[in-house]
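Everything below concerns the one structure shown next.
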Amino acid sequence: MQVRPILSAMRRNKFGALLIATQMAVTLAFLANALTLIEQRIAWSERPTGIDEADIFVMQSETLDHPDDLAARLSRDLDALRSLPGVADAYATDMYPLQGGGWTDTVDLNPDQKTPTAYAAHYMGDEHALHTMGLTLVAGRNFSAAEVVDRAENDVPPTSGYIVTKALAAKLFPDGGALGKSIFVETSKPVPIIGIVDRLQGPYTVATGLFSTFDENSVLSPHRPIGERNVYMVRAQPGQIAAVMKSAEAGLFSLDGDRILKSKSMREVRLDAYRGDRGLIVLMSAICTALLVVTGFGIIGLTSYWVAQRRQQIGIRRALGATRQAIVSYFQTENFMIAVAGAALGIALAIALNLWMVRSFEMVRMDDSRAFVGAFIILLLGQCAALWPALRAASIPPALATRGG
Amino acid sequence: MFSYYFRLGLRSLRRNMVLTGLMIAAIGVGIGACMTALTVFRAMSGDPIPQKSSRLFAPQIDNWGPDKHNGGAPDRLESQLSYIDVMGLMKAHAAKRQSGMLAALLSLRPADPAQKPTKVVVRAAFTDFFPMFDVPFKYGGPWSAADDEAHAAVVVLTKDMNDKLFGGSNSVGKTVRLGNEPYRVSGVLDEWRVLPRFYDLAIRPFGDGDSIFMPFTRAIEKQTGSIGSNTCSGDVEPGWEGRLRSDCLWLQFWVELPTQADVQRYRAFLNNYAAEQQKIGRFHWPPHTQLRDVTEWLRYRDVVPSEVRILILLSFGFLLVCLMNAMGLMLAKIMGRAGDIGVRRALGASRAAIFAQCLIESAVVGLAGAILGLLLTALGLGAARALLSKDFVALAHLDWADTGIAVLLAIGATVLAGLYPTWRAAHVQPAWQLKAQ
């Protein structure tokens, strides 16, 4: 509407307009990329593990006197845990989801393959494992008690069959029909897949790097890990976890008081696992907010200056019949034009910055729509920030024109 | 003249409190964010052992062959060694000092039976570990080479562990029970902290770590598994013996090479060693070895997480926006005073004088911004410590150098941002301004 007068006014304030536009562009570029990273980390730290986290806790128990009846002790512990009131089920595992690190194996389709077909987290468990974790079989069957063998440290016992996750099955046999097929894990003997579970996340939690690329690939072997350090996964009846954690510790100590015992609910495990990611999300959000606030105040400051500079002209316009609304819309339009230029530059800058960061850092590729979301935020910010000085301008009395400054 | 301009600067800042406040806030926040990120980064990428980092080396040997390193480093080397190779290199004794090592988690039973046993991180190493890494001792000293030979049950405690177990007293000769066996204390360390813990980056490189040291040979005899990573390729025979005979990678190995000639010699030695292994039929590929010093090693292992780099980039972007902001506000402020400047010019002030006055005014803003920025940096570091995981406890504190950098950065950046407005001020036409009055 009043684009031409605004443009010619801007030409006299080239530097200020340029400054605001650039500032908006840079803000937009960083904002869009930070949003991308924040979104990625939120999505990453909210991925479900596939297990019934609300009711599960893990116990790490270590014996002290190098006893030679480790397998018997393990059975005793597990029997005690399973018979506790409030316990749904329990089993001994080698590691658990969200642990941070663990055991990875390569999975091959041929014994003498040079490059592995897939990487997978290697879990061990007995016939109680699926029920304890609350996993759903989508094909095949669970381990039978007869299949489960004891596995001492540094020992590779014979394996009758594996249970794999759906993700791993799809990776190994993209055309389907994984059930019953033989795979090679840690030995050169073929072992069939006897069951497929819907989902079981590996123990890794780092959002970048090799381990983040196969977080859904897990293989379960029917082994009971025997050692001086045992990890028990215990599932309580719904809602009873706090009480069961206490009685489980007391129960194990009463069997053998001379051990080191630590228990942690999966909820706490999850909290610890993503502490770093949460920190990053908070820091990123804080910087983003600060960016927007600073840019907003910058716009307020410069627009106020322009208003002050043009008090007389505004007075004249008002005296000549311009409504208050016309004055407000003048400054809002002026800001909008600057913001559009800044946003256009910013979108290009955001994409360029992202491409560079993907190449130089382990940055995720930005969805280009994020740049447009950023642009919208910037335009909105500009309009809000310009409103206060614009209203001040509108309140300049027409009489000012007659006073000659 | 300077003090007069300084006072003028202060006075003019007071005249428009809102604009001044905004400017100082913008610069302060920008500097605060930047310095926080930079301090964390410097702490993470610092040299953990500056007096020796160029003389300590981590040898690498390809014992898997070129086809097996999938998903690993592009140079097709792994960062740890197998037991066979560590023992081979130890026996060859080709460096001034050398030590294979591993970290284990062992149970520690306090002398007081009322106290519950705990688990501690124990580093198993050779006696060379201590002089090689310049580890300071408070009481006693390292175990002897004979202890290494004899798989002796001796330990060295860190200062913290000694404080915990013996109340900080001289505990040399006393006994601690590790894994339920008695160990004689041969020495107690003084305060010793290497950040990042370059010699084993698999376990919390910036967090708390090793609290007790014991002979490597003893740990192997006691079949002590490592808590770091253990990667295997191909079939492994069962049992502990099987692991020792395997090509699984689970041990760290460091050597000290005092001169450039030693480094050259050791490179040649490593290649000869690999060639030897090829000759006896263990390797089916030509020698592929590498030797990196501490600085190169930290860069190779990417010890600074990429998130921290992104945060730094973001905070510098933020500073840039803050400075543009300050520049705009400064322009508004200085041009708002075009009338005053016109009067001063009419009364005989030279352009240079106006220029100097405005420049000093910017510097005053910068100084105020720097002070605010430092306060915010201290706050930011506290927040970073609280937000980041426990693995970063020992990180990041402000020192005098950082403070100096912050102040210089703030003033420099503000003056730079003020240059254009100042230049504009110096070109105010006195006559035109006076007429407008």
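Residue numbering restarts at 1 in every chain; chains get A, B, ... in the order shown in the structure tokens, and ligands count up from 1 in that same order.
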
Could you tell me, as an MDAnalysis selection string, which residues of region 180-415 of chain B DSSP assigns to helix (DSSP H, G or I) when given the backbone?
-> chainID B and resid 216:221 239:245 260:279 294:300 306:336 338:346 351:387 390:392 400:415

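Residues lying within 12 Å of Met132 (chain B), counting only C-alpha atoms and ignoring same-chain neighbours fewer than 5 positions away, are Ile49, Gln51, Lys52, Ser53, Arg55, Leu56, Phe57, Ala95, Lys96, Arg97, Gln98, Ser99, Gly100, Ala125, Phe126, Thr127, Pro142, Tyr199, Phe253, Trp254, Val255, Glu256, Leu257 and Pro258 of chain B.
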
Just need the residues of chain B within 8 Å of chain A, counting only C-alpha atoms, so spit them out as a PyMOL selection string.
-> chain B and resi 19+22+26+33+67-68+70-71+107+116-119+179-180+234-235+237-240+242-243+306-307+309-311+314-315+317-318+321-322+324-326+328-329+331-333+336+384+387-389+437

Mind dumping the selected residues with C-alpha atoms as an mmCIF file, in the first residue's frame?
```cif
data_model
loop_
_atom_site.group_PDB
_atom_site.id
_atom_site.type_symbol
_atom_site.label_atom_id
_atom_site.label_comp_id
_atom_site.auth_asym_id
_atom_site.auth_seq_id
_atom_site.Cartn_x
_atom_site.Cartn_y
_atom_site.Cartn_z
ATOM 1 C CA LEU B 19 19.561 2.032 24.991
ATOM 2 C CA LEU B 22 20.182 -2.936 25.944
ATOM 3 C CA ALA B 26 23.433 -7.712 24.342
ATOM 4 C CA ALA B 33 27.495 -17.605 25.903
ATOM 5 C CA ASP B 67 38.973 -56.797 5.194
ATOM 6 C CA LYS B 68 37.759 -56.851 8.780
ATOM 7 C CA ASN B 70 34.084 -52.483 8.932
ATOM 8 C CA GLY B 71 32.539 -49.393 10.386
ATOM 9 C CA SER B 107 35.522 -55.349 44.722
ATOM 10 C CA LYS B 116 30.052 -52.594 53.024
ATOM 11 C CA PRO B 117 32.385 -53.641 50.213
ATOM 12 C CA THR B 118 32.471 -51.350 47.172
ATOM 13 C CA LYS B 119 33.582 -51.588 43.581
ATOM 14 C CA GLY B 179 38.762 -59.064 44.880
ATOM 15 C CA ASN B 180 39.066 -60.599 48.320
ATOM 16 C CA GLY B 234 36.442 -64.361 13.981
ATOM 17 C CA ASP B 235 36.329 -67.433 16.188
ATOM 18 C CA GLU B 237 38.675 -70.335 21.645
ATOM 19 C CA PRO B 238 36.810 -70.746 24.916
ATOM 20 C CA GLY B 239 38.133 -69.807 28.328
ATOM 21 C CA TRP B 240 40.616 -67.242 29.575
ATOM 22 C CA GLY B 242 41.414 -68.622 24.579
ATOM 23 C CA ARG B 243 41.059 -64.896 25.093
ATOM 24 C CA SER B 306 30.611 -33.079 17.906
ATOM 25 C CA GLU B 307 27.804 -31.637 20.033
ATOM 26 C CA ARG B 309 31.593 -28.140 18.423
ATOM 27 C CA ILE B 310 28.037 -27.383 17.340
ATOM 28 C CA LEU B 311 27.421 -25.540 20.614
ATOM 29 C CA LEU B 314 25.997 -21.671 17.789
ATOM 30 C CA SER B 315 27.371 -19.482 20.547
ATOM 31 C CA GLY B 317 26.646 -17.099 15.852
ATOM 32 C CA PHE B 318 24.895 -15.734 18.880
ATOM 33 C CA VAL B 321 23.950 -11.366 16.355
ATOM 34 C CA CYS B 322 24.589 -9.624 19.680
ATOM 35 C CA MET B 324 25.174 -6.525 15.149
ATOM 36 C CA ASN B 325 22.562 -5.613 17.646
ATOM 37 C CA ALA B 326 24.963 -3.470 19.660
ATOM 38 C CA GLY B 328 22.571 -0.872 15.515
ATOM 39 C CA LEU B 329 21.873 0.497 18.969
ATOM 40 C CA LEU B 331 24.281 3.918 15.675
ATOM 41 C CA ALA B 332 20.900 4.981 17.034
ATOM 42 C CA LYS B 333 22.507 6.417 20.125
ATOM 43 C CA GLY B 336 20.569 10.674 18.263
ATOM 44 C CA ALA B 384 26.811 -26.669 32.015
ATOM 45 C CA LEU B 387 23.255 -30.187 32.835
ATOM 46 C CA LEU B 388 25.935 -32.315 31.254
ATOM 47 C CA SER B 389 26.394 -35.851 32.472
ATOM 48 C CA GLN B 437 18.192 23.271 15.968
#
```

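Shortest atom-to-atom contact with Met266 (chain A) among A:Gln312, A:Thr36, A:Asn142, A:Gln99: A:Gln99, counting only C-alpha atoms.
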
Select from region 201-327 of chain A everything DSSP, run on the backbone, classes as strand (DSSP E or B), then give the selection as an mmCIF file with C-alpha atoms, in the first residue's frame.
```cif
data_model
loop_
_atom_site.group_PDB
_atom_site.id
_atom_site.type_symbol
_atom_site.label_atom_id
_atom_site.label_comp_id
_atom_site.auth_asym_id
_atom_site.auth_seq_id
_atom_site.Cartn_x
_atom_site.Cartn_y
_atom_site.Cartn_z
ATOM 1 C CA TYR A 204 23.698 -48.034 23.256
ATOM 2 C CA SER A 218 19.245 -57.271 18.706
ATOM 3 C CA VAL A 219 19.806 -60.989 18.930
ATOM 4 C CA LEU A 220 18.970 -63.114 21.979
ATOM 5 C CA SER A 221 20.826 -66.354 22.633
ATOM 6 C CA HIS A 223 22.394 -68.624 27.439
ATOM 7 C CA ARG A 224 22.520 -68.066 31.169
ATOM 8 C CA PRO A 225 25.592 -65.917 31.887
ATOM 9 C CA ILE A 226 27.552 -67.386 34.784
ATOM 10 C CA ARG A 229 29.072 -60.455 38.477
ATOM 11 C CA ASN A 230 25.434 -61.059 37.641
ATOM 12 C CA VAL A 231 22.841 -58.752 36.185
ATOM 13 C CA TYR A 232 19.245 -59.600 37.047
ATOM 14 C CA MET A 233 16.336 -58.043 35.271
ATOM 15 C CA VAL A 234 13.216 -58.112 37.462
ATOM 16 C CA ARG A 235 9.683 -57.218 36.436
ATOM 17 C CA ALA A 236 7.267 -56.239 39.185
ATOM 18 C CA ARG A 259 27.944 -59.359 48.035
ATOM 19 C CA ILE A 260 27.874 -55.977 46.370
ATOM 20 C CA LEU A 261 24.362 -55.212 45.234
ATOM 21 C CA LYS A 262 23.071 -52.253 43.258
ATOM 22 C CA SER A 263 19.556 -51.889 41.908
ATOM 23 C CA LYS A 264 18.190 -49.282 39.574
ATOM 24 C CA SER A 265 14.755 -48.914 38.069
#
```

Could you pull the residues within 12 Å of region 125-130 of chain A, counting only C-alpha atoms, minus those fewer than 4 positions along the same chain, as a VMD selection string?
-> chain A and resid 50 to 52 75 78 to 79 82 88 to 96 134 to 138 141 to 151 159 161 to 165 195 to 200 219 to 226 231 to 235

Extract, using only C-alpha atoms, all DNA, RNA and protein residues at most 12 Å from Leu372 (chain B), discarding same-chain residues fewer than 2 positions from it, and format them as a short mmCIF file (atom, residue, chain, number, x, y, z; two decimals) with N, CA and C atoms, in the first residue's frame.
```cif
data_model
loop_
_atom_site.label_atom_id
_atom_site.label_comp_id
_atom_site.auth_asym_id
_atom_site.auth_seq_id
_atom_site.Cartn_x
_atom_site.Cartn_y
_atom_site.Cartn_z
N GLY B 21 21.47 0.18 28.46
CA GLY B 21 21.22 -1.11 29.10
C GLY B 21 21.10 -2.21 28.07
N MET B 23 22.34 -2.32 25.08
CA MET B 23 23.64 -2.59 24.45
C MET B 23 24.50 -3.45 25.35
N ILE B 24 24.58 -3.03 26.62
CA ILE B 24 25.42 -3.77 27.56
C ILE B 24 24.89 -5.20 27.73
N ALA B 25 23.56 -5.32 27.80
CA ALA B 25 22.98 -6.64 27.95
C ALA B 25 23.31 -7.51 26.74
N ALA B 26 23.17 -6.94 25.55
CA ALA B 26 23.43 -7.71 24.34
C ALA B 26 24.87 -8.21 24.33
N ILE B 27 25.81 -7.29 24.61
CA ILE B 27 27.22 -7.69 24.58
C ILE B 27 27.52 -8.69 25.70
N GLY B 28 26.97 -8.42 26.87
CA GLY B 28 27.22 -9.31 28.00
C GLY B 28 26.72 -10.71 27.74
N VAL B 29 25.50 -10.81 27.23
CA VAL B 29 24.93 -12.14 26.97
C VAL B 29 25.74 -12.86 25.89
N GLY B 30 26.09 -12.13 24.85
CA GLY B 30 26.88 -12.74 23.77
C GLY B 30 28.21 -13.25 24.26
N ILE B 31 28.91 -12.40 25.01
CA ILE B 31 30.22 -12.80 25.54
C ILE B 31 30.06 -13.96 26.51
N GLY B 32 29.02 -13.89 27.33
CA GLY B 32 28.79 -14.96 28.30
C GLY B 32 28.61 -16.31 27.62
N ALA B 33 27.76 -16.35 26.61
CA ALA B 33 27.50 -17.60 25.90
C ALA B 33 28.77 -18.13 25.25
N MET B 35 31.96 -17.40 25.89
CA MET B 35 33.02 -17.79 26.81
C MET B 35 32.69 -19.12 27.47
N VAL B 365 31.15 0.94 26.93
CA VAL B 365 30.07 -0.04 26.81
C VAL B 365 30.64 -1.45 26.79
N GLY B 366 31.72 -1.63 26.04
CA GLY B 366 32.36 -2.95 25.95
C GLY B 366 32.81 -3.45 27.31
N LEU B 367 33.41 -2.54 28.08
CA LEU B 367 33.91 -2.93 29.40
C LEU B 367 32.75 -3.38 30.30
N ALA B 368 31.68 -2.59 30.27
CA ALA B 368 30.51 -2.97 31.08
C ALA B 368 29.97 -4.31 30.59
N GLY B 369 29.93 -4.49 29.27
CA GLY B 369 29.47 -5.76 28.71
C GLY B 369 30.35 -6.91 29.16
N ALA B 370 31.66 -6.65 29.20
CA ALA B 370 32.60 -7.70 29.60
C ALA B 370 32.34 -8.15 31.02
N LEU B 374 31.29 -11.84 32.04
CA LEU B 374 32.03 -12.72 32.95
C LEU B 374 31.09 -13.34 33.98
N LEU B 375 30.21 -12.50 34.52
CA LEU B 375 29.23 -13.01 35.49
C LEU B 375 28.40 -14.11 34.85
N LEU B 376 27.94 -13.83 33.62
CA LEU B 376 27.11 -14.82 32.93
C LEU B 376 27.90 -16.09 32.61
N THR B 377 29.19 -15.93 32.31
CA THR B 377 30.02 -17.10 32.03
C THR B 377 30.10 -18.00 33.25
N ALA B 378 30.31 -17.37 34.41
CA ALA B 378 30.38 -18.17 35.64
C ALA B 378 29.06 -18.92 35.84
N LEU B 379 27.96 -18.21 35.60
CA LEU B 379 26.64 -18.85 35.71
C LEU B 379 26.51 -19.98 34.69
N THR B 403 39.50 -14.98 31.63
CA THR B 403 38.94 -13.68 32.00
C THR B 403 39.49 -12.60 31.09
N ALA B 406 38.00 -12.79 27.68
CA ALA B 406 36.62 -12.30 27.66
C ALA B 406 36.59 -10.78 27.60
N VAL B 407 37.41 -10.15 28.47
CA VAL B 407 37.39 -8.68 28.52
C VAL B 407 37.88 -8.11 27.19
N ALA B 410 35.28 -8.64 24.46
CA ALA B 410 34.13 -7.76 24.58
C ALA B 410 34.47 -6.35 24.12
#
```

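Summary of the local environment: counting only C-alpha atoms, residues at most 10 Å from Ser144 (chain B), other than itself and those fewer than 5 positions away along its chain, are Phe126, Thr127, Asp128, Glu149, Ala150, Ala152, Val154, Ser186 and Pro215 of chain B.
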
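From CA of Gly202 (chain A) back to CA of Phe214 (chain A), the distance works out to 8.0 Å.
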
For Ala80 (chain A), work out the shell of residues within 9 Å, counting only C-alpha atoms and skipping chain neighbours fewer than 5 positions away, then give it as a PyMOL selection string.
-> chain A and resi 75+248+251-252+255

7 Å contact set for Gly315 (chain A), only C-alpha atoms, chain neighbours under 5 positions out, as a list of chain:residue names | A:Ile396, A:Pro397, A:Pro398, A:Ala399, A:Leu400, A:Ala401

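CA of Asp247 (chain B) sits 17.6 Å away from CA of Ile227 (chain B).
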
Go through B:Asp85, B:Glu191, B:Glu181, B:Asp148 one by one, measure the shortest atom-to-atom distance of each to Glu276 (chain B) using only C-alpha atoms, and give the residue with the smallest value.
-> B:Asp85
